[in-house]
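What follows is a short report on a single structure.
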Amino acid sequence: MSTIEQNLQAVRESIAQAAADAQRAPADVALLAVSKTFGADAVLAAMRAGQAAFGENYLQEALDKIAFVKEAAPQHVPAWHFIGPIQSNKTRPIAEHFDWVHTVEREKIAVRLSEQRPAGLPDLNICLQVNISGEASKSGVTPAELPALARAVAQLPRLRLRGLMAIPEPETDVHLQRAAFAQLRVLYQQLKADGLALDTLSMGMSADLRAAVLEGATIVRVGIAIFGSRNYSH
């Protein structure tokens, strides 16, 4: 068994345990393998171990990887999620090559993705990124601005608004981790109560996965616990 396969198994067991503790079905929590900075060989190893969804932050790296994987393993069709910051001039390739986008924080970006999504593809799944911790350095719409953005995005053609995403301020205390995720869950529930058909809470990474699952995460974004430490020098 490869290291990646062993790591995936361990992460899945962690998700299953947290789900059981929250009295949730493990199948209700999808694992997104964050493959940024790792090569296509790592993605292929994870795919051989049954992983079907991958998250990428850097557009050009992602496009190269998507093309390589398509050629190397045409029998597999993984779901590709864009989870990095979005610049206006990069929306077209994102709209053309990804299945999900987790980091929409402005209506302008959503409009561009809507206009540039090819008609022959399924609607692009969208999560709105919320700046839940109020950090000046963090991306995301403020909780106060969220309802208006959600209503606007929900009306755009060729997009399907699925839910919310957040990257809270790092905390080691599980109670503080849970408190941040609970804030996102409350915002999500308020939008659903207002009539938006949402089903996705993208929250939790390697260090706070358990807290996220306990608070209702439906997608956890895990990189280091699957692929190992990242090397940003190359």
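Each chain in the structure tokens gets a letter, A, B, ..., in the order shown, and its residues are numbered from 1; ligands are numbered from 1 in order too.
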Using only C-alpha atoms, tabulate the residues of segment 124-233 of chain A lying at most 7 Å from any atom of segment 105-115 of chain A, each with its closest atom pair and that distance in Å to one decimal, by chain and increasing residue number, as JSON lines.
{"residue": "A:Leu128", "atom": "CA", "partner": "A:Glu105", "partner_atom": "CA", "distance": 5.8}
{"residue": "A:Gln129", "atom": "CA", "partner": "A:Glu105", "partner_atom": "CA", "distance": 5.5}
{"residue": "A:Gly140", "atom": "CA", "partner": "A:Glu105", "partner_atom": "CA", "distance": 5.1}
{"residue": "A:Val141", "atom": "CA", "partner": "A:Glu105", "partner_atom": "CA", "distance": 5.1}
{"residue": "A:Leu149", "atom": "CA", "partner": "A:Glu107", "partner_atom": "CA", "distance": 6.3}
{"residue": "A:Val153", "atom": "CA", "partner": "A:Ala110", "partner_atom": "CA", "distance": 6.4}
{"residue": "A:Leu156", "atom": "CA", "partner": "A:Ser114", "partner_atom": "CA", "distance": 6.4}
{"residue": "A:Pro157", "atom": "CA", "partner": "A:Ser114", "partner_atom": "CA", "distance": 6.0}
{"residue": "A:Arg158", "atom": "CA", "partner": "A:Ser114", "partner_atom": "CA", "distance": 5.5}
{"residue": "A:Leu159", "atom": "CA", "partner": "A:Ser114", "partner_atom": "CA", "distance": 5.9}
Dump as a PDB file, in the first residue's frame, selection limited to N, CA, C and O atoms:
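Heads up, here's the output in out_26.pdb:
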ATOM      1  N   LEU A 128     -19.813  30.184  -1.947  1.00  0.00           N
ATOM      2  CA  LEU A 128     -19.417  31.555  -1.628  1.00  0.00           C
ATOM      3  C   LEU A 128     -18.457  31.522  -0.443  1.00  0.00           C
ATOM      4  O   LEU A 128     -18.752  30.899   0.588  1.00  0.00           O
ATOM      5  N   GLN A 129     -17.304  32.182  -0.591  1.00  0.00           N
ATOM      6  CA  GLN A 129     -16.337  32.209   0.501  1.00  0.00           C
ATOM      7  C   GLN A 129     -16.693  33.325   1.462  1.00  0.00           C
ATOM      8  O   GLN A 129     -16.831  34.485   1.076  1.00  0.00           O
ATOM      9  N   GLY A 140     -12.959  36.738   1.197  1.00  0.00           N
ATOM     10  CA  GLY A 140     -14.313  36.326   1.556  1.00  0.00           C
ATOM     11  C   GLY A 140     -15.247  37.506   1.748  1.00  0.00           C
ATOM     12  O   GLY A 140     -14.841  38.601   2.125  1.00  0.00           O
ATOM     13  N   VAL A 141     -16.505  37.249   1.497  1.00  0.00           N
ATOM     14  CA  VAL A 141     -17.555  38.228   1.704  1.00  0.00           C
ATOM     15  C   VAL A 141     -17.844  38.316   3.209  1.00  0.00           C
ATOM     16  O   VAL A 141     -17.676  37.326   3.938  1.00  0.00           O
ATOM     17  N   LEU A 149     -25.308  38.811  -1.930  1.00  0.00           N
ATOM     18  CA  LEU A 149     -24.469  38.103  -2.905  1.00  0.00           C
ATOM     19  C   LEU A 149     -25.076  36.748  -3.250  1.00  0.00           C
ATOM     20  O   LEU A 149     -25.124  36.361  -4.425  1.00  0.00           O
ATOM     21  N   VAL A 153     -26.106  35.513  -7.016  1.00  0.00           N
ATOM     22  CA  VAL A 153     -25.444  34.371  -7.662  1.00  0.00           C
ATOM     23  C   VAL A 153     -26.450  33.271  -7.992  1.00  0.00           C
ATOM     24  O   VAL A 153     -26.362  32.616  -9.039  1.00  0.00           O
ATOM     25  N   LEU A 156     -27.985  33.484 -11.489  1.00  0.00           N
ATOM     26  CA  LEU A 156     -27.167  33.498 -12.702  1.00  0.00           C
ATOM     27  C   LEU A 156     -27.277  32.177 -13.461  1.00  0.00           C
ATOM     28  O   LEU A 156     -27.253  31.105 -12.852  1.00  0.00           O
ATOM     29  N   PRO A 157     -27.384  32.255 -14.788  1.00  0.00           N
ATOM     30  CA  PRO A 157     -27.443  31.013 -15.577  1.00  0.00           C
ATOM     31  C   PRO A 157     -26.101  30.289 -15.587  1.00  0.00           C
ATOM     32  O   PRO A 157     -25.050  30.902 -15.376  1.00  0.00           O
ATOM     33  N   ARG A 158     -26.144  28.999 -15.818  1.00  0.00           N
ATOM     34  CA  ARG A 158     -24.972  28.118 -15.947  1.00  0.00           C
ATOM     35  C   ARG A 158     -24.157  28.008 -14.666  1.00  0.00           C
ATOM     36  O   ARG A 158     -23.064  27.463 -14.661  1.00  0.00           O
ATOM     37  N   LEU A 159     -24.685  28.559 -13.570  1.00  0.00           N
ATOM     38  CA  LEU A 159     -24.096  28.357 -12.249  1.00  0.00           C
ATOM     39  C   LEU A 159     -25.124  27.695 -11.353  1.00  0.00           C
ATOM     40  O   LEU A 159     -26.329  27.918 -11.503  1.00  0.00           O
TER      41      LEU A 159
END
If you run DSSP over the backbone, which residues in segment 96-156 of chain A end up helix (DSSP H, G or I)? Put them as a PDB file with all heavy atoms, in the first residue's frame.
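The file below, selection04.pdb, is the result:
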ATOM      1  N   GLU A  96     -14.099  26.933 -17.745  1.00  0.00           N
ATOM      2  CA  GLU A  96     -14.024  25.896 -18.779  1.00  0.00           C
ATOM      3  C   GLU A  96     -13.540  24.551 -18.264  1.00  0.00           C
ATOM      4  O   GLU A  96     -13.869  23.515 -18.844  1.00  0.00           O
ATOM      5  CB  GLU A  96     -13.091  26.371 -19.905  1.00  0.00           C
ATOM      6  CG  GLU A  96     -13.661  27.515 -20.723  1.00  0.00           C
ATOM      7  CD  GLU A  96     -12.674  28.084 -21.734  1.00  0.00           C
ATOM      8  OE1 GLU A  96     -11.462  27.777 -21.646  1.00  0.00           O
ATOM      9  OE2 GLU A  96     -13.115  28.866 -22.597  1.00  0.00           O
ATOM     10  N   HIS A  97     -12.754  24.531 -17.173  1.00  0.00           N
ATOM     11  CA  HIS A  97     -12.067  23.296 -16.806  1.00  0.00           C
ATOM     12  C   HIS A  97     -12.429  22.729 -15.432  1.00  0.00           C
ATOM     13  O   HIS A  97     -12.000  21.619 -15.107  1.00  0.00           O
ATOM     14  CB  HIS A  97     -10.549  23.505 -16.863  1.00  0.00           C
ATOM     15  CG  HIS A  97     -10.033  23.689 -18.254  1.00  0.00           C
ATOM     16  ND1 HIS A  97      -9.866  24.940 -18.824  1.00  0.00           N
ATOM     17  CD2 HIS A  97      -9.682  22.786 -19.200  1.00  0.00           C
ATOM     18  CE1 HIS A  97      -9.406  24.790 -20.056  1.00  0.00           C
ATOM     19  NE2 HIS A  97      -9.291  23.509 -20.305  1.00  0.00           N
ATOM     20  N   GLU A 107     -19.814  39.520  -6.820  1.00  0.00           N
ATOM     21  CA  GLU A 107     -20.779  39.265  -7.889  1.00  0.00           C
ATOM     22  C   GLU A 107     -20.119  39.350  -9.259  1.00  0.00           C
ATOM     23  O   GLU A 107     -20.442  38.573 -10.169  1.00  0.00           O
ATOM     24  CB  GLU A 107     -21.946  40.255  -7.792  1.00  0.00           C
ATOM     25  CG  GLU A 107     -23.055  39.958  -8.797  1.00  0.00           C
ATOM     26  CD  GLU A 107     -24.230  40.912  -8.666  1.00  0.00           C
ATOM     27  OE1 GLU A 107     -24.250  41.741  -7.722  1.00  0.00           O
ATOM     28  OE2 GLU A 107     -25.138  40.823  -9.512  1.00  0.00           O
ATOM     29  N   LYS A 108     -19.169  40.264  -9.416  1.00  0.00           N
ATOM     30  CA  LYS A 108     -18.494  40.425 -10.708  1.00  0.00           C
ATOM     31  C   LYS A 108     -17.842  39.122 -11.157  1.00  0.00           C
ATOM     32  O   LYS A 108     -17.919  38.740 -12.338  1.00  0.00           O
ATOM     33  CB  LYS A 108     -17.432  41.527 -10.590  1.00  0.00           C
ATOM     34  CG  LYS A 108     -16.569  41.706 -11.827  1.00  0.00           C
ATOM     35  CD  LYS A 108     -15.405  42.669 -11.562  1.00  0.00           C
ATOM     36  CE  LYS A 108     -14.464  42.709 -12.743  1.00  0.00           C
ATOM     37  NZ  LYS A 108     -13.283  43.564 -12.468  1.00  0.00           N
ATOM     38  N   ILE A 109     -17.189  38.423 -10.233  1.00  0.00           N
ATOM     39  CA  ILE A 109     -16.534  37.152 -10.563  1.00  0.00           C
ATOM     40  C   ILE A 109     -17.576  36.111 -10.950  1.00  0.00           C
ATOM     41  O   ILE A 109     -17.406  35.358 -11.921  1.00  0.00           O
ATOM     42  CB  ILE A 109     -15.690  36.663  -9.374  1.00  0.00           C
ATOM     43  CG1 ILE A 109     -14.513  37.612  -9.124  1.00  0.00           C
ATOM     44  CG2 ILE A 109     -15.201  35.238  -9.590  1.00  0.00           C
ATOM     45  CD1 ILE A 109     -13.455  37.623 -10.215  1.00  0.00           C
ATOM     46  N   ALA A 110     -18.670  36.064 -10.206  1.00  0.00           N
ATOM     47  CA  ALA A 110     -19.734  35.101 -10.504  1.00  0.00           C
ATOM     48  C   ALA A 110     -20.328  35.363 -11.885  1.00  0.00           C
ATOM     49  O   ALA A 110     -20.586  34.419 -12.651  1.00  0.00           O
ATOM     50  CB  ALA A 110     -20.817  35.175  -9.432  1.00  0.00           C
ATOM     51  N   VAL A 111     -20.537  36.626 -12.228  1.00  0.00           N
ATOM     52  CA  VAL A 111     -21.093  36.972 -13.546  1.00  0.00           C
ATOM     53  C   VAL A 111     -20.158  36.494 -14.654  1.00  0.00           C
ATOM     54  O   VAL A 111     -20.594  35.916 -15.656  1.00  0.00           O
ATOM     55  CB  VAL A 111     -21.349  38.496 -13.641  1.00  0.00           C
ATOM     56  CG1 VAL A 111     -21.643  38.917 -15.079  1.00  0.00           C
ATOM     57  CG2 VAL A 111     -22.504  38.892 -12.719  1.00  0.00           C
ATOM     58  N   ARG A 112     -18.859  36.710 -14.470  1.00  0.00           N
ATOM     59  CA  ARG A 112     -17.894  36.271 -15.482  1.00  0.00           C
ATOM     60  C   ARG A 112     -17.892  34.747 -15.621  1.00  0.00           C
ATOM     61  O   ARG A 112     -17.858  34.217 -16.735  1.00  0.00           O
ATOM     62  CB  ARG A 112     -16.496  36.791 -15.132  1.00  0.00           C
ATOM     63  CG  ARG A 112     -16.339  38.294 -15.329  1.00  0.00           C
ATOM     64  CD  ARG A 112     -14.962  38.768 -14.902  1.00  0.00           C
ATOM     65  NE  ARG A 112     -13.921  38.272 -15.807  1.00  0.00           N
ATOM     66  CZ  ARG A 112     -13.458  38.935 -16.864  1.00  0.00           C
ATOM     67  NH1 ARG A 112     -13.948  40.137 -17.161  1.00  0.00           N
ATOM     68  NH2 ARG A 112     -12.511  38.430 -17.613  1.00  0.00           N
ATOM     69  N   LEU A 113     -17.931  34.053 -14.510  1.00  0.00           N
ATOM     70  CA  LEU A 113     -17.969  32.586 -14.564  1.00  0.00           C
ATOM     71  C   LEU A 113     -19.240  32.111 -15.277  1.00  0.00           C
ATOM     72  O   LEU A 113     -19.201  31.166 -16.065  1.00  0.00           O
ATOM     73  CB  LEU A 113     -17.913  32.002 -13.148  1.00  0.00           C
ATOM     74  CG  LEU A 113     -16.590  32.146 -12.405  1.00  0.00           C
ATOM     75  CD1 LEU A 113     -16.759  31.745 -10.941  1.00  0.00           C
ATOM     76  CD2 LEU A 113     -15.490  31.311 -13.052  1.00  0.00           C
ATOM     77  N   SER A 114     -20.340  32.784 -15.007  1.00  0.00           N
ATOM     78  CA  SER A 114     -21.613  32.436 -15.642  1.00  0.00           C
ATOM     79  C   SER A 114     -21.537  32.642 -17.158  1.00  0.00           C
ATOM     80  O   SER A 114     -21.926  31.768 -17.945  1.00  0.00           O
ATOM     81  CB  SER A 114     -22.729  33.293 -15.039  1.00  0.00           C
ATOM     82  OG  SER A 114     -23.921  33.182 -15.791  1.00  0.00           O
ATOM     83  N   GLU A 115     -21.010  33.788 -17.550  1.00  0.00           N
ATOM     84  CA  GLU A 115     -20.930  34.110 -18.984  1.00  0.00           C
ATOM     85  C   GLU A 115     -19.945  33.206 -19.718  1.00  0.00           C
ATOM     86  O   GLU A 115     -20.117  32.924 -20.912  1.00  0.00           O
ATOM     87  CB  GLU A 115     -20.505  35.572 -19.150  1.00  0.00           C
ATOM     88  CG  GLU A 115     -21.570  36.568 -18.710  1.00  0.00           C
ATOM     89  CD  GLU A 115     -21.059  38.004 -18.678  1.00  0.00           C
ATOM     90  OE1 GLU A 115     -19.830  38.225 -18.811  1.00  0.00           O
ATOM     91  OE2 GLU A 115     -21.904  38.913 -18.516  1.00  0.00           O
ATOM     92  N   GLN A 116     -18.917  32.736 -19.024  1.00  0.00           N
ATOM     93  CA  GLN A 116     -17.832  32.001 -19.671  1.00  0.00           C
ATOM     94  C   GLN A 116     -17.952  30.481 -19.509  1.00  0.00           C
ATOM     95  O   GLN A 116     -17.140  29.741 -20.066  1.00  0.00           O
ATOM     96  CB  GLN A 116     -16.488  32.501 -19.125  1.00  0.00           C
ATOM     97  CG  GLN A 116     -16.235  33.957 -19.517  1.00  0.00           C
ATOM     98  CD  GLN A 116     -15.096  34.602 -18.749  1.00  0.00           C
ATOM     99  OE1 GLN A 116     -14.630  34.093 -17.735  1.00  0.00           O
ATOM    100  NE2 GLN A 116     -14.631  35.749 -19.228  1.00  0.00           N
ATOM    101  N   LEU A 146     -23.336  38.817   2.772  1.00  0.00           N
ATOM    102  CA  LEU A 146     -23.568  37.486   2.189  1.00  0.00           C
ATOM    103  C   LEU A 146     -24.961  37.298   1.579  1.00  0.00           C
ATOM    104  O   LEU A 146     -25.067  36.799   0.451  1.00  0.00           O
ATOM    105  CB  LEU A 146     -23.295  36.411   3.247  1.00  0.00           C
ATOM    106  CG  LEU A 146     -23.627  34.976   2.848  1.00  0.00           C
ATOM    107  CD1 LEU A 146     -22.740  34.516   1.693  1.00  0.00           C
ATOM    108  CD2 LEU A 146     -23.466  34.046   4.060  1.00  0.00           C
ATOM    109  N   PRO A 147     -26.060  37.670   2.264  1.00  0.00           N
ATOM    110  CA  PRO A 147     -27.381  37.376   1.699  1.00  0.00           C
ATOM    111  C   PRO A 147     -27.600  37.984   0.312  1.00  0.00           C
ATOM    112  O   PRO A 147     -28.131  37.313  -0.587  1.00  0.00           O
ATOM    113  CB  PRO A 147     -28.359  37.952   2.726  1.00  0.00           C
ATOM    114  CG  PRO A 147     -27.586  37.912   4.015  1.00  0.00           C
ATOM    115  CD  PRO A 147     -26.173  38.227   3.635  1.00  0.00           C
ATOM    116  N   ALA A 148     -27.172  39.236   0.124  1.00  0.00           N
ATOM    117  CA  ALA A 148     -27.363  39.889  -1.177  1.00  0.00           C
ATOM    118  C   ALA A 148     -26.549  39.185  -2.258  1.00  0.00           C
ATOM    119  O   ALA A 148     -27.025  38.975  -3.385  1.00  0.00           O
ATOM    120  CB  ALA A 148     -26.975  41.363  -1.090  1.00  0.00           C
ATOM    121  N   LEU A 149     -25.308  38.811  -1.930  1.00  0.00           N
ATOM    122  CA  LEU A 149     -24.469  38.103  -2.905  1.00  0.00           C
ATOM    123  C   LEU A 149     -25.076  36.748  -3.250  1.00  0.00           C
ATOM    124  O   LEU A 149     -25.124  36.361  -4.425  1.00  0.00           O
ATOM    125  CB  LEU A 149     -23.054  37.931  -2.346  1.00  0.00           C
ATOM    126  CG  LEU A 149     -22.080  37.165  -3.253  1.00  0.00           C
ATOM    127  CD1 LEU A 149     -21.862  37.900  -4.576  1.00  0.00           C
ATOM    128  CD2 LEU A 149     -20.739  36.943  -2.537  1.00  0.00           C
ATOM    129  N   ALA A 150     -25.552  36.041  -2.238  1.00  0.00           N
ATOM    130  CA  ALA A 150     -26.135  34.714  -2.472  1.00  0.00           C
ATOM    131  C   ALA A 150     -27.344  34.805  -3.396  1.00  0.00           C
ATOM    132  O   ALA A 150     -27.490  34.002  -4.329  1.00  0.00           O
ATOM    133  CB  ALA A 150     -26.517  34.069  -1.144  1.00  0.00           C
ATOM    134  N   ARG A 151     -28.212  35.784  -3.152  1.00  0.00           N
ATOM    135  CA  ARG A 151     -29.398  35.931  -4.000  1.00  0.00           C
ATOM    136  C   ARG A 151     -29.003  36.242  -5.444  1.00  0.00           C
ATOM    137  O   ARG A 151     -29.594  35.727  -6.397  1.00  0.00           O
ATOM    138  CB  ARG A 151     -30.326  37.018  -3.443  1.00  0.00           C
ATOM    139  CG  ARG A 151     -31.124  36.571  -2.230  1.00  0.00           C
ATOM    140  CD  ARG A 151     -32.230  37.559  -1.897  1.00  0.00           C
ATOM    141  NE  ARG A 151     -31.689  38.857  -1.490  1.00  0.00           N
ATOM    142  CZ  ARG A 151     -31.372  39.171  -0.235  1.00  0.00           C
ATOM    143  NH1 ARG A 151     -31.521  38.275   0.726  1.00  0.00           N
ATOM    144  NH2 ARG A 151     -30.910  40.374   0.062  1.00  0.00           N
ATOM    145  N   ALA A 152     -27.983  37.091  -5.608  1.00  0.00           N
ATOM    146  CA  ALA A 152     -27.546  37.473  -6.956  1.00  0.00           C
ATOM    147  C   ALA A 152     -26.959  36.273  -7.698  1.00  0.00           C
ATOM    148  O   ALA A 152     -27.274  36.025  -8.864  1.00  0.00           O
ATOM    149  CB  ALA A 152     -26.524  38.602  -6.861  1.00  0.00           C
ATOM    150  N   VAL A 153     -26.106  35.513  -7.016  1.00  0.00           N
ATOM    151  CA  VAL A 153     -25.444  34.371  -7.662  1.00  0.00           C
ATOM    152  C   VAL A 153     -26.450  33.271  -7.992  1.00  0.00           C
ATOM    153  O   VAL A 153     -26.362  32.616  -9.039  1.00  0.00           O
ATOM    154  CB  VAL A 153     -24.302  33.836  -6.766  1.00  0.00           C
ATOM    155  CG1 VAL A 153     -23.710  32.551  -7.342  1.00  0.00           C
ATOM    156  CG2 VAL A 153     -23.213  34.893  -6.611  1.00  0.00           C
ATOM    157  N   ALA A 154     -27.423  33.086  -7.117  1.00  0.00           N
ATOM    158  CA  ALA A 154     -28.415  32.031  -7.326  1.00  0.00           C
ATOM    159  C   ALA A 154     -29.222  32.242  -8.611  1.00  0.00           C
ATOM    160  O   ALA A 154     -29.770  31.286  -9.164  1.00  0.00           O
ATOM    161  CB  ALA A 154     -29.354  31.957  -6.128  1.00  0.00           C
TER     162      ALA A 154
END
Query raised in the report: What's the 10 Å shell around Ser14 of chain A, counting only C-alpha atoms, without same-chain residues fewer than 5 positions away, as number ranges by chain?
Result: A: 8-9, 19-20, 26, 209-210, 213
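Every protein, DNA or RNA residue with an atom at most 12 Å from Lys70 of chain A, where only C-alpha atoms count and chain neighbours fewer than 3 positions away do not, is listed here: Ala40, Val43, Leu44, Met47, Leu63, Asp64, Lys65, Ile66, Ala67, Ala73, Pro74, Gln75, His76, Val77, Pro78, Ala79, Trp80 and His97 of chain A.
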Output file for the selection above: all heavy atoms, as a tab-separated table (two decimals), in the first residue's frame:
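Saved result, selection_20.tsv, follows:
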chain	number	residue	atom	x	y	z
A	40	ALA	N	1.22	15.53	-10.81
A	40	ALA	CA	0.14	14.68	-11.31
A	40	ALA	C	0.31	13.24	-10.85
A	40	ALA	O	-0.68	12.51	-10.72
A	40	ALA	CB	0.10	14.74	-12.83
A	43	VAL	N	-1.63	12.80	-7.74
A	43	VAL	CA	-3.06	12.73	-8.05
A	43	VAL	C	-3.42	11.33	-8.56
A	43	VAL	O	-4.41	10.73	-8.12
A	43	VAL	CB	-3.46	13.80	-9.09
A	43	VAL	CG1	-4.89	13.59	-9.56
A	43	VAL	CG2	-3.30	15.20	-8.50
A	44	LEU	N	-2.60	10.80	-9.45
A	44	LEU	CA	-2.86	9.46	-10.00
A	44	LEU	C	-2.81	8.40	-8.90
A	44	LEU	O	-3.63	7.48	-8.87
A	44	LEU	CB	-1.86	9.13	-11.10
A	44	LEU	CG	-1.99	9.96	-12.38
A	44	LEU	CD1	-0.81	9.71	-13.32
A	44	LEU	CD2	-3.30	9.67	-13.10
A	47	MET	N	-5.99	8.68	-7.00
A	47	MET	CA	-7.09	8.13	-7.79
A	47	MET	C	-7.09	6.61	-7.75
A	47	MET	O	-8.15	5.98	-7.63
A	47	MET	CB	-6.98	8.63	-9.25
A	47	MET	CG	-7.43	10.08	-9.42
A	47	MET	SD	-6.98	10.80	-11.02
A	47	MET	CE	-7.71	9.64	-12.17
A	63	LEU	N	-4.25	23.50	-14.49
A	63	LEU	CA	-4.57	23.20	-15.89
A	63	LEU	C	-3.59	22.16	-16.45
A	63	LEU	O	-4.00	21.24	-17.17
A	63	LEU	CB	-4.53	24.48	-16.73
A	63	LEU	CG	-5.59	25.52	-16.38
A	63	LEU	CD1	-5.40	26.78	-17.22
A	63	LEU	CD2	-7.01	24.98	-16.56
A	64	ASP	N	-2.31	22.29	-16.11
A	64	ASP	CA	-1.32	21.31	-16.56
A	64	ASP	C	-1.65	19.92	-16.00
A	64	ASP	O	-1.56	18.91	-16.70
A	64	ASP	CB	0.09	21.72	-16.10
A	64	ASP	CG	0.57	23.00	-16.80
A	64	ASP	OD1	-0.02	23.38	-17.82
A	64	ASP	OD2	1.54	23.59	-16.30
A	65	LYS	N	-2.03	19.88	-14.73
A	65	LYS	CA	-2.33	18.62	-14.06
A	65	LYS	C	-3.59	17.98	-14.64
A	65	LYS	O	-3.64	16.76	-14.88
A	65	LYS	CB	-2.53	18.90	-12.57
A	65	LYS	CG	-1.93	17.86	-11.64
A	65	LYS	CD	-2.07	18.29	-10.20
A	65	LYS	CE	-1.11	19.41	-9.85
A	65	LYS	NZ	-1.18	19.76	-8.42
A	66	ILE	N	-4.62	18.80	-14.87
A	66	ILE	CA	-5.88	18.29	-15.43
A	66	ILE	C	-5.62	17.64	-16.79
A	66	ILE	O	-6.10	16.54	-17.08
A	66	ILE	CB	-6.93	19.42	-15.54
A	66	ILE	CG1	-7.39	19.84	-14.14
A	66	ILE	CG2	-8.11	19.00	-16.39
A	66	ILE	CD1	-8.21	21.13	-14.12
A	67	ALA	N	-4.83	18.32	-17.62
A	67	ALA	CA	-4.52	17.79	-18.96
A	67	ALA	C	-3.73	16.49	-18.86
A	67	ALA	O	-4.01	15.51	-19.58
A	67	ALA	CB	-3.74	18.83	-19.76
A	73	ALA	N	-4.96	8.82	-17.54
A	73	ALA	CA	-6.00	7.94	-16.97
A	73	ALA	C	-7.36	8.32	-17.54
A	73	ALA	O	-8.25	8.76	-16.81
A	73	ALA	CB	-6.00	8.05	-15.45
A	74	PRO	N	-7.54	8.13	-18.86
A	74	PRO	CA	-8.80	8.57	-19.47
A	74	PRO	C	-10.03	7.82	-18.95
A	74	PRO	O	-11.15	8.31	-19.09
A	74	PRO	CB	-8.57	8.29	-20.96
A	74	PRO	CG	-7.48	7.27	-21.01
A	74	PRO	CD	-6.61	7.53	-19.81
A	75	GLN	N	-9.79	6.67	-18.33
A	75	GLN	CA	-10.92	5.90	-17.79
A	75	GLN	C	-11.48	6.52	-16.52
A	75	GLN	O	-12.60	6.22	-16.11
A	75	GLN	CB	-10.51	4.44	-17.54
A	75	GLN	CG	-9.60	4.22	-16.34
A	75	GLN	CD	-8.12	4.49	-16.63
A	75	GLN	OE1	-7.76	5.21	-17.55
A	75	GLN	NE2	-7.24	3.89	-15.83
A	76	HIS	N	-10.70	7.40	-15.88
A	76	HIS	CA	-11.15	8.08	-14.66
A	76	HIS	C	-11.51	9.52	-14.99
A	76	HIS	O	-10.80	10.18	-15.74
A	76	HIS	CB	-10.04	8.08	-13.60
A	76	HIS	CG	-9.71	6.73	-13.08
A	76	HIS	ND1	-10.54	6.03	-12.24
A	76	HIS	CD2	-8.62	5.93	-13.28
A	76	HIS	CE1	-9.99	4.86	-11.95
A	76	HIS	NE2	-8.83	4.77	-12.57
A	77	VAL	N	-12.60	9.99	-14.42
A	77	VAL	CA	-12.98	11.40	-14.62
A	77	VAL	C	-13.16	12.03	-13.24
A	77	VAL	O	-14.27	12.08	-12.69
A	77	VAL	CB	-14.28	11.51	-15.45
A	77	VAL	CG1	-14.59	12.99	-15.74
A	77	VAL	CG2	-14.17	10.73	-16.75
A	78	PRO	N	-12.04	12.50	-12.65
A	78	PRO	CA	-12.16	13.12	-11.32
A	78	PRO	C	-12.90	14.45	-11.39
A	78	PRO	O	-12.96	15.08	-12.45
A	78	PRO	CB	-10.71	13.31	-10.88
A	78	PRO	CG	-9.95	13.42	-12.16
A	78	PRO	CD	-10.66	12.54	-13.15
A	79	ALA	N	-13.46	14.85	-10.26
A	79	ALA	CA	-14.05	16.18	-10.16
A	79	ALA	C	-12.95	17.15	-9.72
A	79	ALA	O	-12.22	16.87	-8.76
A	79	ALA	CB	-15.19	16.18	-9.15
A	80	TRP	N	-12.83	18.26	-10.42
A	80	TRP	CA	-11.82	19.27	-10.11
A	80	TRP	C	-12.48	20.48	-9.47
A	80	TRP	O	-13.43	21.05	-10.02
A	80	TRP	CB	-11.06	19.68	-11.38
A	80	TRP	CG	-10.24	18.56	-11.95
A	80	TRP	CD1	-10.58	17.72	-12.97
A	80	TRP	CD2	-8.94	18.15	-11.52
A	80	TRP	NE1	-9.57	16.82	-13.21
A	80	TRP	CE2	-8.54	17.06	-12.34
A	80	TRP	CE3	-8.05	18.60	-10.54
A	80	TRP	CZ2	-7.31	16.42	-12.19
A	80	TRP	CZ3	-6.82	17.97	-10.39
A	80	TRP	CH2	-6.47	16.89	-11.21
A	97	HIS	N	-12.75	24.53	-17.17
A	97	HIS	CA	-12.07	23.30	-16.81
A	97	HIS	C	-12.43	22.73	-15.43
A	97	HIS	O	-12.00	21.62	-15.11
A	97	HIS	CB	-10.55	23.50	-16.86
A	97	HIS	CG	-10.03	23.69	-18.25
A	97	HIS	ND1	-9.87	24.94	-18.82
A	97	HIS	CD2	-9.68	22.79	-19.20
A	97	HIS	CE1	-9.41	24.79	-20.06
A	97	HIS	NE2	-9.29	23.51	-20.30
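Atom CA of Gly163 of chain A is found 10.7 Å from atom CA of Val104 of chain A.
When only C-alpha atoms are used to measure the gap to Phe181 of chain A, the shortest distance among A:Asn57, A:Thr91, A:Gln17, A:Ser202 belongs to A:Ser202.
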